[in-house]
$ cat structure.cif   # mmCIF, C-alpha atoms and all ligand atoms
data_coords
loop_
_atom_site.label_atom_id
_atom_site.label_comp_id
_atom_site.auth_asym_id
_atom_site.auth_seq_id
_atom_site.Cartn_x
_atom_site.Cartn_y
_atom_site.Cartn_z
CA MET A 1 -19.29 78.60 91.80
CA SER A 2 -21.00 79.63 94.98
CA ASP A 3 -24.11 81.72 94.65
CA SER A 4 -26.27 83.45 97.20
CA CYS A 5 -29.41 83.75 95.09
CA SER A 6 -31.78 80.86 95.65
CA ALA A 7 -35.24 80.34 94.29
CA PRO A 8 -37.96 80.09 96.96
CA GLY A 9 -38.32 76.55 98.31
CA LEU A 10 -35.17 75.32 96.58
CA LEU A 11 -32.02 74.39 98.48
CA PRO A 12 -28.89 76.09 97.04
CA PHE A 13 -26.43 73.59 95.58
CA ASP A 14 -23.60 74.57 97.94
CA SER A 15 -25.84 74.15 101.01
CA ALA A 16 -26.93 70.69 99.83
CA LEU A 17 -23.31 69.64 99.37
CA ALA A 18 -22.17 71.09 102.72
CA THR A 19 -25.09 69.51 104.62
CA MET A 20 -24.32 66.16 103.05
CA LEU A 21 -20.58 66.29 103.74
CA ALA A 22 -21.18 67.23 107.37
CA GLN A 23 -23.01 63.93 107.85
CA ILE A 24 -20.42 61.67 106.20
CA SER A 25 -18.01 59.66 108.38
CA PRO A 26 -14.92 58.29 106.65
CA VAL A 27 -14.10 54.57 106.90
CA THR A 28 -11.59 53.69 109.61
CA ASP A 29 -10.74 50.03 108.82
CA THR A 30 -7.35 49.57 107.24
CA LYS A 31 -5.35 46.67 105.88
CA THR A 32 -1.82 46.04 104.72
CA LEU A 33 -1.39 45.25 101.03
CA PRO A 34 1.61 44.40 98.86
CA ILE A 35 2.16 47.25 96.39
CA THR A 36 1.27 44.90 93.51
CA GLN A 37 -2.33 44.95 94.80
CA ALA A 38 -2.51 48.51 96.07
CA CYS A 39 -3.26 50.50 92.89
CA ASN A 40 -6.36 52.75 93.35
CA TYR A 41 -6.50 52.19 97.11
CA VAL A 42 -6.40 55.18 99.46
CA LEU A 43 -3.32 55.36 101.67
CA ALA A 44 -3.96 55.13 105.42
CA GLN A 45 -0.39 56.26 106.15
CA ALA A 46 1.93 58.96 104.89
CA ILE A 47 4.93 57.56 103.02
CA ASP A 48 8.30 59.14 103.85
CA SER A 49 11.19 58.13 101.65
CA PRO A 50 13.53 55.67 103.39
CA LEU A 51 16.34 56.63 100.99
CA ASN A 52 17.68 59.16 98.52
CA VAL A 53 16.53 58.66 94.92
CA PRO A 54 18.89 58.20 93.22
CA ASN A 55 20.77 56.88 96.21
CA HIS A 56 24.21 57.68 94.77
CA ASP A 57 25.62 60.23 92.31
CA ASN A 58 25.56 58.47 88.94
CA SER A 59 26.18 59.07 85.29
CA ALA A 60 23.40 60.22 82.97
CA MET A 61 25.40 59.12 79.90
CA ASP A 62 27.62 56.41 78.51
CA GLY A 63 31.01 58.15 78.46
CA TYR A 64 33.98 59.12 80.65
CA ALA A 65 34.10 60.46 84.22
CA PHE A 66 36.84 62.73 85.58
CA ALA A 67 37.49 65.63 88.00
CA LEU A 68 37.06 68.84 86.02
CA ALA A 69 39.51 70.81 88.23
CA SER A 70 42.29 68.38 87.49
CA PHE A 71 41.89 68.79 83.75
CA SER A 72 45.20 70.18 82.47
CA GLU A 73 45.95 72.20 79.32
CA SER A 74 45.96 68.89 77.53
CA LYS A 75 42.63 67.72 76.24
CA THR A 76 43.70 64.11 76.60
CA LEU A 77 43.20 61.96 79.73
CA ILE A 78 44.46 58.48 80.51
CA LEU A 79 41.86 55.77 81.00
CA VAL A 80 42.49 53.97 84.33
CA GLY A 81 39.31 51.98 85.02
CA ARG A 82 35.60 51.53 84.51
CA SER A 83 32.40 51.95 86.47
CA MET A 84 29.40 49.89 85.34
CA ALA A 85 25.79 50.02 86.59
CA GLY A 86 25.85 47.65 89.56
CA ALA A 87 29.69 47.34 89.51
CA PRO A 88 31.25 50.63 90.69
CA TYR A 89 34.91 51.57 90.18
CA GLN A 90 36.77 51.06 93.46
CA GLY A 91 40.15 52.70 92.78
CA LYS A 92 41.49 56.26 92.56
CA CYS A 93 41.16 58.66 89.65
CA GLN A 94 43.86 61.31 89.76
CA ALA A 95 44.61 64.48 87.78
CA GLY A 96 45.03 63.63 84.12
CA GLU A 97 43.04 60.40 84.45
CA CYS A 98 39.53 59.34 83.55
CA ILE A 99 37.19 56.42 84.08
CA ARG A 100 34.97 54.70 81.50
CA ILE A 101 31.42 55.02 82.87
CA MET A 102 27.99 53.73 81.81
CA THR A 103 24.54 55.27 82.31
CA GLY A 104 23.37 54.71 85.89
CA ALA A 105 26.82 53.65 87.11
CA LYS A 106 28.03 55.15 90.41
CA MET A 107 30.31 58.18 90.03
CA PRO A 108 33.83 57.37 91.27
CA ASP A 109 34.60 59.36 94.48
CA ASP A 110 37.27 61.55 92.84
CA CYS A 111 35.14 62.48 89.80
CA ASP A 112 32.55 65.24 89.36
CA THR A 113 31.88 65.47 85.61
CA VAL A 114 31.00 63.16 82.72
CA GLU A 115 31.53 63.64 78.99
CA MET A 116 29.45 61.59 76.59
CA GLN A 117 31.40 59.13 74.46
CA GLU A 118 30.22 60.77 71.19
CA ASN A 119 32.37 63.85 72.07
CA THR A 120 35.62 61.94 72.53
CA ASP A 121 38.35 60.46 70.34
CA VAL A 122 39.57 57.14 71.67
CA ASN A 123 43.12 56.01 70.96
CA GLY A 124 43.91 53.00 73.14
CA GLU A 125 44.14 54.33 76.73
CA ASN A 126 44.29 57.95 75.54
CA ILE A 127 40.92 59.65 75.53
CA THR A 128 40.81 63.07 73.85
CA PHE A 129 37.95 65.40 74.71
CA VAL A 130 36.58 67.54 71.89
CA ASN A 131 34.39 70.13 73.67
CA ASP A 132 34.68 72.41 76.68
CA LYS A 133 33.07 70.88 79.74
CA LEU A 134 30.89 72.21 82.55
CA LEU A 135 31.41 71.17 86.18
CA GLY A 136 28.87 68.48 87.08
CA ALA A 137 27.75 67.91 83.49
CA ASN A 138 25.89 64.65 82.87
CA VAL A 139 25.86 63.70 86.55
CA ARG A 140 22.61 62.81 88.34
CA ASN A 141 23.02 63.79 92.00
CA ALA A 142 22.00 61.62 94.95
CA GLY A 143 18.56 62.72 96.18
CA GLU A 144 17.85 64.98 93.19
CA ASP A 145 14.55 63.15 92.59
CA ILE A 146 13.51 62.37 96.19
CA LYS A 147 15.43 63.14 99.40
CA GLN A 148 15.69 60.65 102.25
CA GLY A 149 12.99 61.46 104.85
CA GLN A 150 10.97 63.58 102.41
CA GLN A 151 7.20 62.94 102.41
CA VAL A 152 6.35 61.31 99.12
CA PHE A 153 2.61 60.67 99.61
CA SER A 154 0.24 61.98 102.25
CA GLU A 155 -2.39 59.96 104.04
CA GLY A 156 -5.55 60.02 101.91
CA HIS A 157 -3.64 59.87 98.64
CA ARG A 158 -5.20 57.53 96.09
CA LEU A 159 -2.43 55.42 94.57
CA THR A 160 -2.01 55.58 90.78
CA ALA A 161 0.00 53.22 88.57
CA VAL A 162 2.88 55.73 88.57
CA ASP A 163 2.77 55.86 92.38
CA ILE A 164 3.19 52.07 92.54
CA GLY A 165 6.39 52.53 90.53
CA ILE A 166 7.61 55.22 92.92
CA LEU A 167 6.92 52.97 95.93
CA ALA A 168 8.90 50.18 94.26
CA SER A 169 11.78 52.58 93.54
CA LEU A 170 11.84 53.43 97.27
CA GLY A 171 12.09 49.75 98.17
CA VAL A 172 8.65 49.83 99.81
CA ASN A 173 6.96 46.39 99.72
CA ASP A 174 3.70 46.90 101.62
CA VAL A 175 1.43 49.82 102.35
CA GLU A 176 -1.36 50.47 104.82
CA VAL A 177 -4.58 51.36 102.99
CA TYR A 178 -8.22 52.01 103.85
CA ARG A 179 -10.61 49.20 103.03
CA GLN A 180 -12.73 49.45 99.89
CA LEU A 181 -16.28 50.77 100.18
CA LYS A 182 -19.26 48.66 99.13
CA VAL A 183 -22.12 50.47 97.45
CA ALA A 184 -25.50 49.00 96.51
CA VAL A 185 -27.02 50.28 93.26
CA ILE A 186 -30.79 50.05 92.76
CA ALA A 187 -32.82 51.15 89.72
CA THR A 188 -36.55 51.61 90.27
CA GLY A 189 -39.26 51.67 87.62
CA ASP A 190 -41.86 49.33 86.06
CA GLU A 191 -40.84 50.50 82.57
CA LEU A 192 -37.18 49.51 82.94
CA LYS A 193 -35.75 46.48 81.14
CA LEU A 194 -32.19 45.21 81.04
CA PRO A 195 -30.23 44.85 77.81
CA GLY A 196 -31.05 41.39 76.43
CA GLN A 197 -34.67 41.54 77.59
CA ALA A 198 -37.52 42.28 75.18
CA LEU A 199 -39.21 45.66 75.42
CA ASN A 200 -42.97 45.73 75.86
CA GLU A 201 -44.97 48.75 74.78
CA GLY A 202 -43.89 51.77 76.86
CA ASP A 203 -40.72 50.10 78.19
CA ILE A 204 -37.21 51.49 77.96
CA TYR A 205 -33.78 50.06 78.59
CA GLU A 206 -32.37 50.86 81.97
CA SER A 207 -29.11 52.81 81.88
CA ASN A 208 -28.62 54.51 85.26
CA SER A 209 -27.32 51.49 87.15
CA PHE A 210 -24.83 50.82 84.34
CA VAL A 211 -23.46 54.37 84.38
CA LEU A 212 -23.32 54.43 88.18
CA SER A 213 -21.64 51.03 88.47
CA ALA A 214 -19.03 52.01 85.89
CA MET A 215 -18.27 55.25 87.71
CA LEU A 216 -18.19 53.53 91.11
CA ASN A 217 -15.75 50.98 89.71
CA LYS A 218 -13.54 53.81 88.48
CA MET A 219 -13.63 55.15 92.06
CA HIS A 220 -12.44 51.70 93.18
CA ILE A 221 -15.69 51.00 95.00
CA GLU A 222 -17.18 47.51 95.10
CA VAL A 223 -20.66 47.53 93.54
CA ILE A 224 -23.54 45.37 94.74
CA ASP A 225 -25.94 45.40 91.81
CA PHE A 226 -29.60 45.11 92.80
CA GLY A 227 -30.80 45.46 89.19
CA VAL A 228 -34.27 46.81 88.54
CA ILE A 229 -36.90 46.90 91.29
CA ALA A 230 -40.56 47.37 90.28
CA ASP A 231 -42.62 50.35 91.43
CA ASP A 232 -44.06 48.35 94.29
CA PHE A 233 -43.98 49.33 97.95
CA GLU A 234 -42.99 45.89 99.31
CA ALA A 235 -40.43 45.19 96.58
CA ILE A 236 -38.70 48.52 97.12
CA LYS A 237 -38.80 48.13 100.89
CA SER A 238 -37.23 44.68 100.91
CA ALA A 239 -34.54 45.77 98.41
CA PHE A 240 -33.61 48.77 100.57
CA ILE A 241 -33.51 46.68 103.76
CA LYS A 242 -31.29 44.06 102.13
CA ALA A 243 -29.02 46.68 100.57
CA ASP A 244 -28.64 48.41 103.93
CA THR A 245 -27.32 45.24 105.57
CA GLN A 246 -24.73 44.68 102.82
CA ALA A 247 -23.39 48.08 101.84
CA ASP A 248 -21.74 51.21 103.22
CA ALA A 249 -23.97 53.29 100.96
CA VAL A 250 -27.14 52.65 98.99
CA ILE A 251 -27.79 54.54 95.78
CA SER A 252 -31.16 54.38 94.07
CA SER A 253 -32.36 56.19 90.98
CA GLY A 254 -35.91 57.09 90.05
CA GLY A 255 -39.01 57.46 92.14
CA VAL A 256 -37.86 60.47 94.18
CA SER A 257 -40.19 62.98 92.57
CA VAL A 258 -43.92 63.29 93.22
CA GLY A 259 -45.46 61.04 90.57
CA ASP A 260 -48.09 58.40 91.34
CA ALA A 261 -45.51 55.60 91.14
CA ASP A 262 -42.85 57.33 93.24
CA TYR A 263 -42.78 55.06 96.29
CA THR A 264 -39.23 55.75 97.39
CA LYS A 265 -40.28 58.46 99.82
CA THR A 266 -43.01 56.46 101.56
CA VAL A 267 -40.74 53.43 101.88
CA LEU A 268 -37.84 55.45 103.25
CA ASP A 269 -39.98 57.30 105.78
CA GLY A 270 -40.13 54.06 107.74
CA LEU A 271 -36.52 52.97 107.24
CA GLY A 272 -34.28 55.83 108.26
CA GLN A 273 -33.58 59.54 108.52
CA ILE A 274 -33.86 60.70 104.94
CA ASP A 275 -34.30 64.28 103.70
CA PHE A 276 -36.00 64.87 100.40
CA TRP A 277 -34.51 67.95 98.85
CA LYS A 278 -35.40 70.10 95.91
CA ILE A 279 -31.95 71.35 95.00
CA ALA A 280 -31.58 74.57 93.04
CA MET A 281 -29.63 72.82 90.31
CA LYS A 282 -30.36 71.83 86.75
CA PRO A 283 -30.43 69.04 85.82
CA GLY A 284 -31.31 67.24 89.01
CA LYS A 285 -33.80 69.02 91.24
CA PRO A 286 -35.22 66.09 93.29
CA PHE A 287 -32.59 64.41 95.45
CA ALA A 288 -32.80 62.40 98.65
CA PHE A 289 -30.05 62.03 101.22
CA GLY A 290 -29.75 60.61 104.70
CA ARG A 291 -29.07 57.54 106.80
CA LEU A 292 -30.59 54.08 106.83
CA LYS A 293 -29.87 51.79 109.81
CA ASN A 294 -26.31 50.94 108.75
CA SER A 295 -25.60 52.87 105.61
CA VAL A 296 -25.77 56.24 103.91
CA PHE A 297 -28.53 56.72 101.36
CA PHE A 298 -28.46 58.71 98.11
CA GLY A 299 -31.70 58.91 96.12
CA LEU A 300 -30.95 60.18 92.63
CA PRO A 301 -33.50 61.41 90.12
CA GLY A 302 -34.51 58.93 87.40
CA ASN A 303 -33.73 60.97 84.32
CA PRO A 304 -30.37 59.69 83.07
CA VAL A 305 -28.63 63.07 82.79
CA SER A 306 -29.99 64.19 86.18
CA ALA A 307 -28.88 60.92 87.80
CA LEU A 308 -25.41 61.22 86.36
CA VAL A 309 -24.91 64.91 87.17
CA THR A 310 -26.20 64.63 90.75
CA PHE A 311 -24.05 61.54 91.27
CA HIS A 312 -20.97 63.29 89.88
CA GLN A 313 -21.45 66.64 91.61
CA LEU A 314 -22.87 65.49 94.96
CA ALA A 315 -22.75 61.76 95.76
CA MET A 316 -19.22 61.28 94.42
CA VAL A 317 -17.89 64.09 96.57
CA ALA A 318 -19.50 62.47 99.61
CA LEU A 319 -18.25 58.98 98.71
CA THR A 320 -14.73 60.36 98.29
CA LYS A 321 -14.88 61.68 101.85
CA MET A 322 -16.26 58.31 102.98
CA GLN A 323 -13.28 56.58 101.32
CA ASN A 324 -10.99 58.81 103.38
CA ALA A 325 -9.48 60.09 100.14
CA SER A 326 -8.23 63.65 99.64
CA PRO A 327 -10.98 65.85 98.15
CA LEU A 328 -11.41 65.62 94.38
CA LYS A 329 -9.62 68.36 92.47
CA ARG A 330 -11.76 69.40 89.55
CA THR A 331 -10.30 71.84 87.07
CA THR A 332 -12.32 74.94 86.22
CA LEU A 333 -11.54 77.54 83.58
CA LYS A 334 -13.07 80.83 82.47
CA VAL A 335 -13.53 80.71 78.71
CA LYS A 336 -15.51 82.39 75.95
CA CYS A 337 -18.80 80.71 75.13
CA ILE A 338 -19.48 80.78 71.39
CA SER A 339 -23.08 79.63 71.51
CA GLU A 340 -26.06 81.31 73.11
CA LEU A 341 -27.23 79.44 76.23
CA ARG A 342 -30.86 79.30 77.36
CA LYS A 343 -31.29 79.81 81.09
CA PHE A 344 -33.74 81.31 83.57
CA PRO A 345 -32.55 82.70 86.92
CA GLY A 346 -33.23 80.42 89.91
CA ARG A 347 -31.14 77.26 89.61
CA MET A 348 -27.47 76.54 89.11
CA ASP A 349 -27.02 74.97 85.68
CA PHE A 350 -24.62 72.21 84.74
CA GLN A 351 -24.93 72.49 80.97
CA ARG A 352 -22.96 70.15 78.76
CA GLY A 353 -20.19 71.85 76.80
CA LEU A 354 -17.55 71.06 74.25
CA LEU A 355 -14.27 72.88 74.83
CA SER A 356 -11.96 73.38 71.85
CA VAL A 357 -9.21 75.63 70.55
CA ASN A 358 -10.24 77.86 67.61
CA GLN A 359 -8.10 78.93 64.66
CA GLN A 360 -6.83 81.96 66.59
CA GLY A 361 -5.52 79.62 69.30
CA GLU A 362 -8.22 80.77 71.74
CA THR A 363 -9.91 78.18 74.03
CA VAL A 364 -13.68 78.42 73.58
CA VAL A 365 -16.71 76.41 74.65
CA LYS A 366 -19.98 75.69 72.93
CA SER A 367 -23.14 73.91 74.01
CA THR A 368 -23.56 70.29 72.93
CA GLY A 369 -27.10 71.14 71.91
CA SER A 370 -30.35 69.99 73.42
CA GLN A 371 -29.98 69.98 77.21
CA GLY A 372 -33.02 67.85 78.15
CA SER A 373 -32.43 65.84 81.31
CA GLY A 374 -33.16 62.58 79.49
CA ILE A 375 -30.69 63.20 76.66
CA LEU A 376 -27.65 61.16 77.60
CA SER A 377 -25.92 61.91 74.28
CA SER A 378 -25.62 65.56 75.42
CA LEU A 379 -23.06 64.16 77.89
CA ALA A 380 -21.43 61.69 75.55
CA ASN A 381 -20.57 64.52 73.13
CA ALA A 382 -19.33 66.85 75.87
CA ASN A 383 -15.96 67.26 77.55
CA CYS A 384 -16.95 69.76 80.25
CA PHE A 385 -19.80 71.19 82.28
CA ILE A 386 -20.65 74.83 81.69
CA ILE A 387 -21.51 75.93 85.23
CA LEU A 388 -23.89 78.88 85.37
CA PRO A 389 -24.69 80.40 88.78
CA ALA A 390 -28.30 80.32 89.99
CA ALA A 391 -28.90 84.05 89.56
CA GLN A 392 -27.65 84.05 85.96
CA GLY A 393 -30.11 84.46 83.08
CA LYS A 394 -29.48 83.55 79.45
CA VAL A 395 -25.94 83.76 78.14
CA SER A 396 -25.23 85.60 74.88
CA ALA A 397 -22.72 84.23 72.44
CA GLY A 398 -19.29 85.72 73.17
CA ALA A 399 -19.76 85.98 76.96
CA MET A 400 -17.25 84.48 79.39
CA VAL A 401 -18.44 81.41 81.33
CA GLU A 402 -16.99 78.99 83.87
CA VAL A 403 -16.39 75.44 82.70
CA GLN A 404 -15.44 72.39 84.75
CA LEU A 405 -13.42 69.86 82.77
CA PHE A 406 -14.71 66.27 82.84
CA ASP A 407 -12.56 64.23 85.19
CA GLN A 408 -11.33 60.65 84.81
CA PHE A 409 -14.52 59.25 86.32
CA LEU A 410 -16.87 60.23 83.49
P1 LIG A 501 -38.79 58.86 87.80
O1 LIG A 501 -37.87 59.72 88.61
O2 LIG A 501 -38.85 57.46 88.31
O3 LIG A 501 -40.12 59.50 87.63
O4 LIG A 501 -38.13 58.77 86.34
C1 LIG A 501 -37.95 59.92 85.54
C2 LIG A 501 -37.58 59.51 84.12
O5 LIG A 501 -36.35 58.80 84.12
C3 LIG A 501 -38.56 58.58 83.46
O6 LIG A 501 -38.64 58.94 82.09
C4 LIG A 501 -37.95 57.21 83.63
O7 LIG A 501 -38.37 56.29 82.63
C5 LIG A 501 -36.48 57.53 83.51
N1 LIG A 501 -35.68 56.57 84.26
C6 LIG A 501 -35.85 56.24 85.56
N2 LIG A 501 -34.93 55.35 85.96
C7 LIG A 501 -34.16 55.09 84.86
C8 LIG A 501 -33.06 54.23 84.63
N3 LIG A 501 -32.54 53.47 85.61
N4 LIG A 501 -32.51 54.22 83.38
C9 LIG A 501 -33.03 55.01 82.41
N5 LIG A 501 -34.06 55.84 82.58
C10 LIG A 501 -34.65 55.88 83.78
MG MG A 502 -40.04 55.88 87.99
#

$ encode --input "structure.cif" --output "structure tokens"
Amino acid sequence: MSDSCSAPGLLPFDSALATMLAQISPVTDTKTLPITQACNYVLAQAIDSPLNVPNHDNSAMDGYAFALASFSESKTLILVGRSMAGAPYQGKCQAGECIRIMTGAKMPDDCDTVEMQENTDVNGENITFVNDKLLGANVRNAGEDIKQGQQVFSEGHRLTAVDIGILASLGVNDVEVYRQLKVAVIATGDELKLPGQALNEGDIYESNSFVLSAMLNKMHIEVIDFGVIADDFEAIKSAFIKADTQADAVISSGGVSVGDADYTKTVLDGLGQIDFWKIAMKPGKPFAFGRLKNSVFFGLPGNPVSALVTFHQLAMVALTKMQNASPLKRTTLKVKCISELRKFPGRMDFQRGLLSVNQQGETVVKSTGSQGSGILSSLANANCFIILPAAQGKVSAGAMVEVQLFDQFL
């Protein structure tokens, strides 16, 4: 999705992202947590398996174990013992003999094959086998899932619920993880009211801080919610100063463009090293990034779609690096676009698309309709971004386009 064409005065998307990432330092503080509390944390250590999983050859079926080579012409073996899960058979199993075995029970040393009980006729101690057997059938081999010493997770891996199960199955109690990040979220605007408050003429309900907090929570980041700050120089300044002392990163939305009430720039000029960019992306052109005294600052545009897209495509990538987590893997596909897409060359577009499979079994994408940067429902109805390079003009129906599937954070 890189593109060399940039409109005059606009910073190409890839340059903005690279400049930002170059200035991000990952957290270094770690702590030890029991695995019951470690879900969603980022590992500060690689995990090598202390054992084979499974740690012994065992049966995949309830049935009978025997040595295939010692099977004689006769299809009947004599039952000489049993091996239960947690209570292995300790004796010998010689030619012509078999052992009753349960799922998960250790394979007796002399046996290599298991037949399921449904394919046997049982007559006292005489077990008759109905089918031909394959060497090693129905046996799960030691280490076939994970080998002792094998790296199971790398440093930087974010632990999922499944991973917690794997750690438990390895007998791992505690893991070393990076500490959680704290991020302050600030909405700016005199017109913004919170749900539950009455709207005066010209007011709207604030949504950016709710979207951002929800996404930050999904990233396992602790949110410090500063609510709505009025378009007032002193109010914005004191909120930013307070946020900077409490958080690893401060994220504001609104007030970064050039309107009469856009104080963010003047406030920040005195508080840190902040660049105000016009990024060649749509939605989202105005974007501020830099350092306050103690924290990293992201100034998102106010329009809800622009705030969300710039957060998802830029700030989230930076915060992931700050968490010390492995880079996000976002899935992109080339698919046929079945609607015409409006676009002028100059900016990279993140249009909202709906990917589906048509009656011919072909994966196709269409626009979710009006793409205005204030229309949050264009995102709610979408399941992917249609990413159009800056130089691209309008797209005719039937053309191939690149889509990026929505990830688990949206
Ligand atoms: P601004 O960047 O402050 O000029 O805001 C651009 C547009 O986004 C205006 O229509 C604002 O009312 C709207 N807006 C700004 N902040 C928010 C917010 N937190 N939630 C919803 N809309 C917002
Ligand atoms: Mg505003």

$ closest_atom_pairs --input "structure.cif" --of "chain A" --to "ligand MG 502 (chain A)" --cutoff "10 Å" --atoms "only C-alpha atoms and all ligand atoms" --output "CSV"
residue,atom,partner,partner_atom,distance
A:Ala187,CA,A:MG502,MG,8.8
A:Thr188,CA,A:MG502,MG,6.0
A:Gly189,CA,A:MG502,MG,4.3
A:Asp190,CA,A:MG502,MG,7.1
A:Glu191,CA,A:MG502,MG,7.7
A:Leu192,CA,A:MG502,MG,8.6
A:Ala230,CA,A:MG502,MG,8.8
A:Asp231,CA,A:MG502,MG,7.0
A:Ser253,CA,A:MG502,MG,8.2
A:Gly254,CA,A:MG502,MG,4.8
A:Gly255,CA,A:MG502,MG,4.6
A:Val256,CA,A:MG502,MG,8.0
A:Ser257,CA,A:MG502,MG,8.5
A:Val258,CA,A:MG502,MG,9.9
A:Gly259,CA,A:MG502,MG,7.9
A:Asp260,CA,A:MG502,MG,9.1
A:Ala261,CA,A:MG502,MG,6.3
A:Asp262,CA,A:MG502,MG,6.1
A:Tyr263,CA,A:MG502,MG,8.8
A:Thr264,CA,A:MG502,MG,9.4
A:Pro301,CA,A:MG502,MG,8.8
A:Gly302,CA,A:MG502,MG,6.3
A:Asn303,CA,A:MG502,MG,8.9

$ atom_distance --input "structure.cif" --atom1 "atom CA of A:Met84" --atom2 "atom CA of A:Arg100"
8.3 Å

$ atom_distance --input "structure.cif" --atom1 "atom CA of A:Gln37" --atom2 "atom CA of A:Ile164"
9.3 Å

$ residues_around --input "structure.cif" --residues "A:Lys133" --least-positions-apart "6" --cutoff "12 Å" --atoms "only C-alpha atoms" --output "MDAnalysis selection string"
chainID A and resid 64:69 71 75 112:116 119:120

$ closest_residue --input "structure.cif" --among "A:Asp232, A:Asp407, A:Asp109, A:Glu206" --to "ligand LIG 501 (chain A)" --atoms "only C-alpha atoms and all ligand atoms"
A:Glu206

$ residues_around --input "structure.cif" --residues "A:Ile47" --least-positions-apart "3" --cutoff "6 Å" --atoms "only C-alpha atoms" --output "PyMOL selection string"
chain A and resi 151-153

$ closest_residue --input "structure.cif" --among "A:Met348, A:Leu341, A:Val395, A:Val27" --to "A:Gln371" --atoms "all atoms listed in the file"
A:Leu341

$ closest_residue --input "structure.cif" --among "A:Thr266, A:Gln404, A:Ser207, A:Ser339" --to "ligand LIG 501 (chain A)" --atoms "all atoms listed in the file"
A:Ser207

$ atom_distance --input "structure.cif" --atom1 "atom CA of A:Ala105" --atom2 "atom CA of A:Ala142"
12.2 Å

$ closest_residue --input "structure.cif" --among "A:Asn52, A:Asn324, A:Ser370, A:Ser252" --to "ligand LIG 501 (chain A)" --atoms "all atoms listed in the file"
A:Ser252

$ residues_around --input "structure.cif" --residues "A:Glu125" --least-positions-apart "4" --cutoff "8 Å" --atoms "all atoms listed in the file" --output "ChimeraX atom specification"
/A:78-80

$ closest_residue --input "structure.cif" --among "A:Ile101, A:Val317, A:Ile229, A:Val250" --to "ligand LIG 501 (chain A)" --atoms "only C-alpha atoms and all ligand atoms"
A:Ile229

$ build_atoms --input "structure.cif" --residues "stretch 116-126 of chain A" --atoms "N, CA, C and O atoms" --output "PDB file, in the coordinates of the input"
ATOM      1  N   MET A 116      30.025  62.707  77.336  1.00  0.00           N
ATOM      2  CA  MET A 116      29.450  61.590  76.590  1.00  0.00           C
ATOM      3  C   MET A 116      30.458  61.062  75.570  1.00  0.00           C
ATOM      4  O   MET A 116      31.302  61.810  75.050  1.00  0.00           O
ATOM      5  N   GLN A 117      30.372  59.768  75.292  1.00  0.00           N
ATOM      6  CA  GLN A 117      31.400  59.130  74.460  1.00  0.00           C
ATOM      7  C   GLN A 117      31.431  59.692  73.044  1.00  0.00           C
ATOM      8  O   GLN A 117      32.469  59.713  72.390  1.00  0.00           O
ATOM      9  N   GLU A 118      30.281  60.215  72.554  1.00  0.00           N
ATOM     10  CA  GLU A 118      30.220  60.770  71.190  1.00  0.00           C
ATOM     11  C   GLU A 118      31.147  61.970  71.029  1.00  0.00           C
ATOM     12  O   GLU A 118      31.525  62.316  69.901  1.00  0.00           O
ATOM     13  N   ASN A 119      31.505  62.660  72.158  1.00  0.00           N
ATOM     14  CA  ASN A 119      32.370  63.850  72.070  1.00  0.00           C
ATOM     15  C   ASN A 119      33.816  63.530  72.448  1.00  0.00           C
ATOM     16  O   ASN A 119      34.524  64.386  72.976  1.00  0.00           O
ATOM     17  N   THR A 120      34.236  62.313  72.200  1.00  0.00           N
ATOM     18  CA  THR A 120      35.620  61.940  72.530  1.00  0.00           C
ATOM     19  C   THR A 120      36.258  61.229  71.331  1.00  0.00           C
ATOM     20  O   THR A 120      35.554  60.671  70.488  1.00  0.00           O
ATOM     21  N   ASP A 121      37.583  61.296  71.287  1.00  0.00           N
ATOM     22  CA  ASP A 121      38.350  60.460  70.340  1.00  0.00           C
ATOM     23  C   ASP A 121      39.118  59.464  71.189  1.00  0.00           C
ATOM     24  O   ASP A 121      39.844  59.848  72.100  1.00  0.00           O
ATOM     25  N   VAL A 122      38.947  58.189  70.864  1.00  0.00           N
ATOM     26  CA  VAL A 122      39.570  57.140  71.670  1.00  0.00           C
ATOM     27  C   VAL A 122      40.748  56.557  70.897  1.00  0.00           C
ATOM     28  O   VAL A 122      40.612  56.163  69.740  1.00  0.00           O
ATOM     29  N   ASN A 123      41.914  56.577  71.578  1.00  0.00           N
ATOM     30  CA  ASN A 123      43.120  56.010  70.960  1.00  0.00           C
ATOM     31  C   ASN A 123      43.790  55.148  72.024  1.00  0.00           C
ATOM     32  O   ASN A 123      44.594  55.643  72.809  1.00  0.00           O
ATOM     33  N   GLY A 124      43.409  53.879  72.082  1.00  0.00           N
ATOM     34  CA  GLY A 124      43.910  53.000  73.140  1.00  0.00           C
ATOM     35  C   GLY A 124      43.468  53.520  74.492  1.00  0.00           C
ATOM     36  O   GLY A 124      42.281  53.707  74.724  1.00  0.00           O
ATOM     37  N   GLU A 125      44.456  53.819  75.390  1.00  0.00           N
ATOM     38  CA  GLU A 125      44.140  54.330  76.730  1.00  0.00           C
ATOM     39  C   GLU A 125      44.058  55.854  76.733  1.00  0.00           C
ATOM     40  O   GLU A 125      43.807  56.450  77.774  1.00  0.00           O
ATOM     41  N   ASN A 126      44.322  56.479  75.607  1.00  0.00           N
ATOM     42  CA  ASN A 126      44.290  57.950  75.540  1.00  0.00           C
ATOM     43  C   ASN A 126      42.943  58.416  75.022  1.00  0.00           C
ATOM     44  O   ASN A 126      42.562  58.112  73.894  1.00  0.00           O
TER      45      ASN A 126
END
